[in-house]
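Colleague: work.txt is the file, holding compact mmCIF, C-alpha atoms and all ligand atoms:
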```txt
# COMPACT_ATOMS: atom_id res chain seq x y z
CA MET R 32 25.71 -271.34 -47.46
CA GLY R 33 24.28 -267.95 -46.52
CA GLN R 34 25.90 -264.63 -47.37
CA VAL R 35 26.71 -263.94 -43.70
CA SER R 36 27.17 -267.49 -42.41
CA GLY R 37 29.17 -267.64 -39.20
CA LYS R 38 28.84 -263.93 -38.48
CA VAL R 39 27.28 -262.46 -35.34
CA ALA R 40 25.05 -259.43 -35.86
CA LEU R 41 23.37 -256.94 -33.56
CA VAL R 42 20.38 -255.02 -34.94
CA THR R 43 18.87 -252.12 -32.98
CA GLY R 44 15.25 -251.13 -33.50
CA GLY R 45 14.85 -254.68 -34.81
CA GLY R 46 11.22 -255.02 -33.79
CA SER R 47 9.71 -252.99 -36.64
CA GLY R 48 10.08 -251.87 -40.24
CA ILE R 49 13.58 -251.82 -41.73
CA GLY R 50 15.25 -253.23 -38.58
CA ARG R 51 12.88 -256.18 -38.45
CA ALA R 52 13.39 -256.98 -42.15
CA THR R 53 17.16 -256.66 -41.63
CA ALA R 54 17.22 -258.99 -38.62
CA LEU R 55 15.16 -261.63 -40.48
CA THR R 56 17.34 -261.31 -43.59
CA LEU R 57 20.63 -261.62 -41.70
CA GLY R 58 19.20 -264.60 -39.79
CA ARG R 59 18.06 -266.28 -42.99
CA GLU R 60 21.51 -265.70 -44.53
CA GLY R 61 23.26 -267.52 -41.70
CA ALA R 62 24.14 -264.90 -39.08
CA SER R 63 23.43 -265.32 -35.38
CA VAL R 64 21.35 -262.26 -34.57
CA MET R 65 20.86 -260.28 -31.37
CA VAL R 66 17.66 -258.31 -31.96
CA THR R 67 17.10 -255.32 -29.68
CA ASP R 68 14.37 -252.70 -29.47
CA LEU R 69 12.86 -250.23 -27.05
CA ASN R 70 9.79 -252.42 -27.47
CA GLU R 71 10.92 -255.73 -25.95
CA ALA R 72 7.92 -257.74 -27.24
CA THR R 73 8.51 -256.84 -30.89
CA ALA R 74 12.23 -257.66 -30.62
CA ALA R 75 11.34 -261.03 -29.07
CA ALA R 76 8.84 -261.72 -31.86
CA ALA R 77 11.47 -261.02 -34.55
CA ALA R 78 14.00 -263.28 -32.80
CA ALA R 79 11.36 -266.02 -32.46
CA GLU R 80 10.63 -265.77 -36.17
CA ILE R 81 14.33 -266.21 -37.03
CA CYS R 82 14.54 -269.27 -34.77
CA ALA R 83 11.30 -270.73 -36.19
CA ALA R 84 12.87 -270.50 -39.66
CA GLY R 85 15.87 -272.52 -38.43
CA GLY R 86 18.20 -269.60 -37.62
CA LYS R 87 19.89 -268.46 -34.43
CA ALA R 88 18.67 -265.37 -32.55
CA GLN R 89 18.09 -263.83 -29.17
CA SER R 90 16.47 -260.58 -28.14
CA MET R 91 16.91 -257.89 -25.52
CA ALA R 92 15.17 -254.68 -24.57
CA GLN R 93 17.43 -251.74 -25.39
CA ASP R 94 17.10 -247.98 -25.28
CA THR R 95 19.96 -246.94 -27.56
CA THR R 96 20.37 -243.65 -25.69
CA SER R 97 21.61 -245.50 -22.57
CA GLU R 98 25.38 -246.02 -22.51
CA ASP R 99 25.13 -248.61 -19.72
CA ARG R 100 22.65 -250.65 -21.74
CA TRP R 101 24.95 -250.61 -24.80
CA GLN R 102 27.68 -252.22 -22.69
CA GLU R 103 25.25 -254.84 -21.37
CA VAL R 104 23.87 -255.64 -24.83
CA ILE R 105 27.31 -256.05 -26.42
CA ALA R 106 28.54 -258.17 -23.50
CA ALA R 107 25.42 -260.33 -23.76
CA THR R 108 25.89 -260.73 -27.52
CA GLU R 109 29.48 -261.89 -27.05
CA ALA R 110 28.40 -264.22 -24.23
CA ALA R 111 25.59 -265.73 -26.33
CA PHE R 112 27.34 -266.04 -29.70
CA GLY R 113 31.08 -265.63 -28.94
CA LYS R 114 31.84 -262.36 -30.79
CA LEU R 115 30.41 -259.33 -32.61
CA ASP R 116 30.99 -258.96 -36.37
CA VAL R 117 28.11 -256.75 -37.52
CA LEU R 118 26.28 -253.83 -35.91
CA VAL R 119 23.25 -252.29 -37.60
CA ASN R 120 22.53 -248.94 -35.92
CA ASN R 121 18.96 -248.82 -37.16
CA ALA R 122 16.89 -247.48 -34.26
CA GLY R 123 15.56 -244.03 -35.10
CA ILE R 124 12.62 -241.72 -34.77
CA ALA R 125 11.19 -238.87 -36.82
CA ILE R 126 9.67 -235.74 -35.33
CA ALA R 127 8.28 -233.31 -37.88
CA GLY R 128 7.55 -229.61 -37.59
CA PRO R 129 8.69 -226.18 -38.81
CA ILE R 130 11.81 -224.72 -37.18
CA GLU R 131 10.07 -221.67 -35.72
CA THR R 132 7.69 -223.73 -33.61
CA PHE R 133 9.93 -226.77 -33.01
CA SER R 134 10.61 -227.31 -29.31
CA LEU R 135 14.13 -227.68 -27.94
CA ASP R 136 12.93 -230.80 -26.10
CA ASP R 137 11.87 -232.44 -29.38
CA TRP R 138 15.16 -231.38 -31.04
CA ARG R 139 17.13 -233.00 -28.20
CA LYS R 140 15.00 -236.17 -28.18
CA GLN R 141 15.45 -236.51 -31.94
CA HIS R 142 19.21 -236.13 -31.69
CA ALA R 143 19.52 -238.30 -28.57
CA ILE R 144 18.13 -241.30 -30.44
CA ASN R 145 19.25 -240.66 -34.02
CA VAL R 146 22.74 -239.30 -33.32
CA GLU R 147 23.83 -240.10 -29.75
CA GLY R 148 22.44 -243.64 -30.03
CA VAL R 149 24.56 -244.21 -33.15
CA PHE R 150 27.65 -242.68 -31.50
CA LEU R 151 27.26 -244.97 -28.46
CA GLY R 152 26.80 -248.02 -30.66
CA VAL R 153 29.97 -247.32 -32.63
CA LYS R 154 31.89 -246.44 -29.44
CA HIS R 155 31.08 -249.74 -27.76
CA ALA R 156 31.14 -251.95 -30.85
CA PHE R 157 34.71 -250.92 -31.71
CA PRO R 158 36.39 -252.79 -28.79
CA ALA R 159 34.26 -255.88 -29.45
CA MET R 160 35.11 -255.81 -33.17
CA ARG R 161 38.80 -255.38 -32.39
CA ARG R 162 38.50 -258.58 -30.32
CA ALA R 163 36.79 -260.24 -33.33
CA GLY R 164 39.57 -259.11 -35.69
CA GLY R 165 37.34 -256.65 -37.56
CA GLY R 166 33.72 -256.02 -38.40
CA SER R 167 31.09 -254.08 -40.31
CA ILE R 168 28.96 -251.27 -38.89
CA ILE R 169 25.97 -250.02 -40.85
CA ASN R 170 24.41 -246.72 -39.75
CA LEU R 171 20.92 -245.77 -40.90
CA SER R 172 20.94 -242.25 -42.31
CA SER R 173 18.35 -241.18 -44.91
CA VAL R 174 17.92 -239.27 -48.14
CA ALA R 175 17.03 -236.53 -45.62
CA GLY R 176 20.69 -236.68 -44.55
CA LEU R 177 21.78 -235.80 -48.10
CA LYS R 178 19.45 -233.00 -49.16
CA GLY R 179 17.43 -230.24 -47.51
CA ASN R 180 14.20 -230.42 -49.48
CA ASN R 181 12.31 -232.44 -46.88
CA SER R 182 9.47 -230.19 -45.80
CA GLY R 183 9.02 -230.00 -42.04
CA LEU R 184 11.91 -232.35 -41.35
CA ALA R 185 14.72 -229.93 -40.42
CA SER R 186 15.53 -231.59 -37.09
CA TYR R 187 15.34 -235.08 -38.60
CA SER R 188 17.52 -234.01 -41.56
CA ALA R 189 20.10 -232.47 -39.22
CA SER R 190 20.26 -235.70 -37.23
CA LYS R 191 20.64 -237.84 -40.36
CA GLY R 192 23.27 -235.49 -41.79
CA ALA R 193 25.20 -235.96 -38.56
CA VAL R 194 25.00 -239.74 -38.98
CA ARG R 195 26.38 -239.41 -42.52
CA LEU R 196 29.55 -237.55 -41.51
CA PHE R 197 30.03 -239.36 -38.20
CA THR R 198 30.03 -242.57 -40.25
CA LYS R 199 32.91 -241.31 -42.38
CA CYS R 200 34.94 -240.28 -39.32
CA ALA R 201 34.31 -243.67 -37.71
CA ALA R 202 35.35 -245.41 -40.94
CA LEU R 203 38.71 -243.63 -40.80
CA GLU R 204 39.21 -244.48 -37.11
CA GLY R 205 38.34 -248.13 -37.75
CA ALA R 206 40.21 -248.59 -41.02
CA THR R 207 43.43 -250.14 -39.76
CA ALA R 208 41.50 -252.38 -37.36
CA LYS R 209 39.52 -253.78 -40.35
CA ILE R 210 36.32 -252.27 -38.97
CA ARG R 211 34.23 -251.00 -41.87
CA VAL R 212 31.61 -248.30 -41.28
CA ASN R 213 29.09 -247.29 -43.94
CA SER R 214 25.82 -245.37 -44.01
CA VAL R 215 22.57 -246.37 -45.71
CA HIS R 216 20.22 -243.73 -47.13
CA PRO R 217 16.69 -245.02 -47.71
CA GLY R 218 14.11 -243.06 -49.67
CA ILE R 219 10.42 -243.48 -48.80
CA ILE R 220 9.96 -246.90 -47.27
CA GLU R 221 6.60 -248.15 -46.04
CA THR R 222 7.02 -248.54 -42.27
CA PRO R 223 5.24 -247.26 -39.14
CA ILE R 224 7.74 -244.35 -38.88
CA TRP R 225 5.56 -242.41 -41.34
CA ASN R 226 2.72 -242.31 -38.81
CA ALA R 227 4.87 -239.79 -36.95
CA ILE R 228 6.45 -238.01 -39.93
CA LEU R 229 3.35 -236.97 -41.84
CA PRO R 230 2.12 -233.70 -40.35
CA PRO R 231 -1.26 -233.81 -38.57
CA GLY R 232 -3.14 -232.33 -41.52
CA GLU R 233 -1.64 -235.06 -43.68
CA ALA R 234 -2.08 -237.79 -41.08
CA ARG R 235 -1.66 -241.17 -42.57
CA ARG R 236 -5.02 -242.82 -42.76
CA ASN R 237 -4.00 -245.75 -44.91
CA ALA R 238 -1.27 -246.96 -47.21
CA SER R 239 -2.65 -244.94 -50.11
CA ASP R 240 -1.60 -241.65 -48.42
CA LEU R 241 2.01 -242.76 -48.46
CA ASN R 242 1.62 -244.06 -52.00
CA GLN R 243 0.43 -240.62 -53.08
CA ARG R 244 3.52 -239.04 -51.52
CA ALA R 245 5.72 -241.58 -53.29
CA THR R 246 4.00 -240.87 -56.59
CA ALA R 247 4.76 -237.17 -56.11
CA VAL R 248 8.45 -237.35 -55.11
CA VAL R 249 9.88 -240.70 -56.22
CA PRO R 250 10.87 -240.76 -59.91
CA THR R 251 9.69 -244.36 -60.33
CA GLY R 252 6.52 -243.56 -58.38
CA VAL R 253 7.09 -246.65 -56.29
CA LEU R 254 7.04 -246.84 -52.49
CA GLY R 255 9.93 -248.84 -51.02
CA LYS R 256 9.60 -251.92 -48.85
CA PRO R 257 11.73 -252.69 -45.76
CA GLN R 258 13.21 -255.62 -47.70
CA ASP R 259 14.63 -253.20 -50.31
CA ILE R 260 16.78 -251.67 -47.55
CA ALA R 261 17.53 -254.97 -45.81
CA ASN R 262 19.03 -256.23 -49.09
CA GLY R 263 21.52 -253.33 -49.11
CA ILE R 264 22.35 -253.79 -45.44
CA LEU R 265 22.97 -257.51 -46.06
CA PHE R 266 25.50 -256.57 -48.75
CA LEU R 267 27.30 -254.14 -46.40
CA ALA R 268 27.29 -256.76 -43.63
CA SER R 269 28.73 -259.44 -45.90
CA ASP R 270 32.27 -259.89 -47.17
CA GLN R 271 30.98 -259.00 -50.67
CA SER R 272 31.47 -255.35 -49.64
CA SER R 273 34.89 -255.85 -48.06
CA TYR R 274 36.46 -252.96 -50.06
CA MET R 275 33.73 -250.53 -48.93
CA THR R 276 34.10 -248.25 -45.94
CA GLY R 277 33.08 -244.64 -45.33
CA SER R 278 30.58 -245.00 -48.18
CA GLU R 279 26.97 -243.95 -48.62
CA LEU R 280 24.61 -246.57 -49.98
CA VAL R 281 21.60 -244.69 -51.37
CA ILE R 282 18.49 -246.83 -51.92
CA ASP R 283 15.84 -244.37 -53.03
CA ALA R 284 14.49 -245.24 -56.51
CA GLY R 285 16.07 -242.08 -57.87
CA MET R 286 14.77 -239.51 -55.35
CA THR R 287 18.16 -237.84 -54.86
CA ALA R 288 19.02 -238.01 -58.55
CA ARG R 289 16.68 -235.05 -59.04
N1 LIG R 301 10.88 -245.62 -43.40
C1 LIG R 301 11.52 -244.71 -44.13
O1 LIG R 301 10.99 -244.18 -45.12
C2 LIG R 301 12.95 -244.32 -43.76
C3 LIG R 301 13.64 -243.49 -44.66
C4 LIG R 301 14.93 -243.12 -44.34
C5 LIG R 301 15.54 -243.56 -43.16
N2 LIG R 301 14.83 -244.34 -42.31
C6 LIG R 301 15.51 -244.76 -41.07
O2 LIG R 301 15.47 -246.17 -40.94
C7 LIG R 301 15.51 -246.52 -39.54
C8 LIG R 301 14.37 -247.48 -39.25
O3 LIG R 301 13.15 -246.81 -39.48
P1 LIG R 301 11.75 -247.53 -39.80
O4 LIG R 301 11.15 -246.80 -40.91
O5 LIG R 301 11.94 -249.00 -39.90
O6 LIG R 301 10.95 -247.13 -38.47
P2 LIG R 301 10.02 -247.94 -37.45
O7 LIG R 301 9.33 -246.91 -36.66
O8 LIG R 301 9.21 -248.97 -38.18
O9 LIG R 301 11.09 -248.72 -36.55
C9 LIG R 301 11.95 -248.06 -35.67
C10 LIG R 301 12.20 -248.96 -34.47
O10 LIG R 301 13.12 -248.29 -33.61
C11 LIG R 301 12.70 -248.48 -32.28
N3 LIG R 301 13.20 -247.41 -31.42
C12 LIG R 301 12.79 -246.13 -31.34
N4 LIG R 301 13.50 -245.47 -30.41
C13 LIG R 301 14.38 -246.35 -29.89
C14 LIG R 301 15.38 -246.29 -28.88
N5 LIG R 301 15.62 -245.15 -28.21
N6 LIG R 301 16.10 -247.40 -28.62
C15 LIG R 301 15.87 -248.54 -29.27
N7 LIG R 301 14.93 -248.69 -30.23
C16 LIG R 301 14.19 -247.59 -30.51
C17 LIG R 301 11.17 -248.49 -32.35
O11 LIG R 301 10.60 -249.13 -31.22
C18 LIG R 301 10.93 -249.24 -33.66
O12 LIG R 301 10.80 -250.63 -33.44
C19 LIG R 301 15.42 -245.20 -38.78
O13 LIG R 301 16.72 -244.81 -38.36
C20 LIG R 301 14.87 -244.23 -39.80
O14 LIG R 301 15.20 -242.90 -39.53
C21 LIG R 301 13.55 -244.74 -42.57
```
Rewrite the structure of this file - the entire thing - as structure tokens.
Modeller:
Amino acid sequence: MGQVSGKVALVTGGGSGIGRATALTLGREGASVMVTDLNEATAAAAAAEICAAGGKAQSMAQDTTSEDRWQEVIAATEAAFGKLDVLVNNAGIAIAGPIETFSLDDWRKQHAINVEGVFLGVKHAFPAMRRAGGGSIINLSSVAGLKGNNSGLASYSASKGAVRLFTKCAALEGATAKIRVNSVHPGIIETPIWNAILPPGEARRNASDLNQRATAVVPTGVLGKPQDIANGILFLASDQSSYMTGSELVIDAGMTAR
């Protein structure tokens, strides 16, 4: 019996990195998974992998900044699997650059995906989870949402800080409806997002560049893997965490302990 057997989960940005590892993990642990991503092909590939392993999954293209699409995706999830128990608001982007030269367009794009996308997900998951008798929402923040010492990541940090506090407000609004809402704060995890984060002069040429960064800022010196975060998300999705809401799960190998 899997840790989330019988549950229905929706994972955004499920075609890559942390979202992909999360979708596969929830599928392996018994959930029926709706995998969505801006990139339809990668979402379909993740869903196919869950099914090939004997699980249940479907996929849809989704831009999390579209309110209409959120309604369609949640309706399709309920139609396919009967309910919605778990939402992982994972889709996110990182745009780096110093404040003085950062464009307003990039600031708005960053916040549209990282903050508005999360707001829309919570807004439209709430009614579905009320119908299901409760649920668990996991919002991807970051260590950058906890501290300011992330060079060149002011806009990203602001967006992730917003996710952190929005999560707590949502937890309070959902409390009596048995809807739990928690945030996850990964440290440095090896995914394609770093191709965009590392400034041009520091462009990632291979995995060793990211390893060097990890050696410099992570107390253990170890770069995280998407599975390290998926394991925490699985716990928050499962009934093992039923007394947790409004919490911050930091998975950073000690980065923020400094
Ligand atoms: N990798 C890290 O070190 C790290 C650290 C802290 C937090 N995070 C957060 O974890 C989450 C996942 O990041 P990742 O590292 O796996 O990145 P990733 O780039 O590997 O995956 C992100 C996925 O989101 C999708 N996406 C982007 N914009 C979208 C949109 N508008 N609608 C739907 N999907 C969209 C992309 O297509 C991609 O598949 C993000 O919210 C990120 O900010 C990552």
Colleague: Rank nothing, just name the residue among R:Pro257, R:Gly148, R:Gly46, R:Gly263 nearest to Ala72 of chain R, using only C-alpha atoms.
Modeller: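 Among R:Pro257, R:Gly148, R:Gly46, R:Gly263, it is R:Gly46 that comes nearest to Ala72 of chain R.
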Colleague: Here's a test: counting only C-alpha atoms, identify every protein, DNA and RNA residue with an atom at most 8 Å from (13.7, -246.9, -24.9) in the file's coordinate frame, and state them as an MDAnalysis selection string.
Modeller: chainID R and resid 68:70 92:96
Colleague: Using the selection just defined, write its residues with C-alpha atoms as a compact mmCIF listing (two decimals), keeping the file's coordinate frame.
Modeller:
```
# COMPACT_ATOMS: atom_id res chain seq x y z
CA ASP R 68 14.37 -252.70 -29.47
CA LEU R 69 12.86 -250.23 -27.05
CA ASN R 70 9.79 -252.42 -27.47
CA ALA R 92 15.17 -254.68 -24.57
CA GLN R 93 17.43 -251.74 -25.39
CA ASP R 94 17.10 -247.98 -25.28
CA THR R 95 19.96 -246.94 -27.56
CA THR R 96 20.37 -243.65 -25.69
```
Colleague: Go through R:Leu265, R:Leu135, R:Leu118, R:Ala127 one by one, measure the shortest atom-to-atom distance of each to Ala159 of chain R using all atoms listed in the file, and give the residue with the smallest value.
Modeller: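 Under the stated criterion, the closest residue is R:Leu118.
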Colleague: Grab me every residue within 7 Å of ligand LIG 301 (chain R), counting only C-alpha atoms and all ligand atoms, and send it over as a count of residues only.
Modeller: 38
Colleague: Give me the residues near Leu184 of chain R as a ChimeraX atom specification, where near means some atom within 9 Å (using all atoms listed in the file) and where sequence neighbours in that chain fewer than 6 positions away do not count.
Modeller: /R:125-130,175,228
Colleague: Near segment 199-214 of chain R, within 8 Å and counting all atoms listed in the file, which residues show up once chain neighbours fewer than 5 positions away are dropped, as a PyMOL selection string?
Modeller: chain R and resi 153+157+160-161+164-172+194+267+273+275-280
Colleague: Using all atoms listed in the file, determine which residues lie at most 9 Å from Thr108 of chain R, disregarding the query and same-chain residues fewer than 6 positions distant; provide the list as number ranges by chain.
Modeller: R: 39-41, 64-65, 89, 114-115
Colleague: Please determine, counting all atoms listed in the file, which residue among R:Asn120, R:Thr251, R:Asn226, R:Ser97 has the shortest atom-to-atom distance to Ala268 of chain R.
Modeller: R:Asn120
Colleague: Which residue gives the smallest distance to Leu177 of chain R among R:Ala288, R:Leu151, R:Ser90, R:Gly58, with all atoms listed in the file counted?
Modeller: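 Under the stated criterion, the closest residue is R:Ala288.
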Colleague: For atom CA of Ala284 of chain R and atom CA of Val253 of chain R, quote the distance in Å rounded to one decimal.
Modeller: 7.5 Å
Colleague: Do you have the atom CA of Asp283 of chain R-atom CA of Asp259 of chain R distance handy?
Modeller: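 Result for atom CA of Asp283 of chain R versus atom CA of Asp259 of chain R: 9.3 Å, one decimal.
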Colleague: Given 3 Å of margin on each side, can you work out the centre and size in Å (one decimal) of an axis-aligned box holding every listed atom of segment 116-132 of chain R, as lines of an AutoDock Vina configuration file?
Modeller:
```
center_x = 19.3
center_y = -240.3
center_z = -36.2
size_x = 29.4
size_y = 43.3
size_z = 11.2
```
Colleague: Could you please determine the separation between atom CA of Asp137 of chain R and atom CA of Gly183 of chain R in Å, to one decimal place?
Modeller: 13.2 Å
Colleague: Find, counting all atoms listed in the file, the residue in R:Thr53, R:Ser190, R:Thr287, R:Ser36 that gets nearest to Lys178 of chain R.
Modeller: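 That would be R:Thr287, the residue with the smallest distance to Lys178 of chain R.
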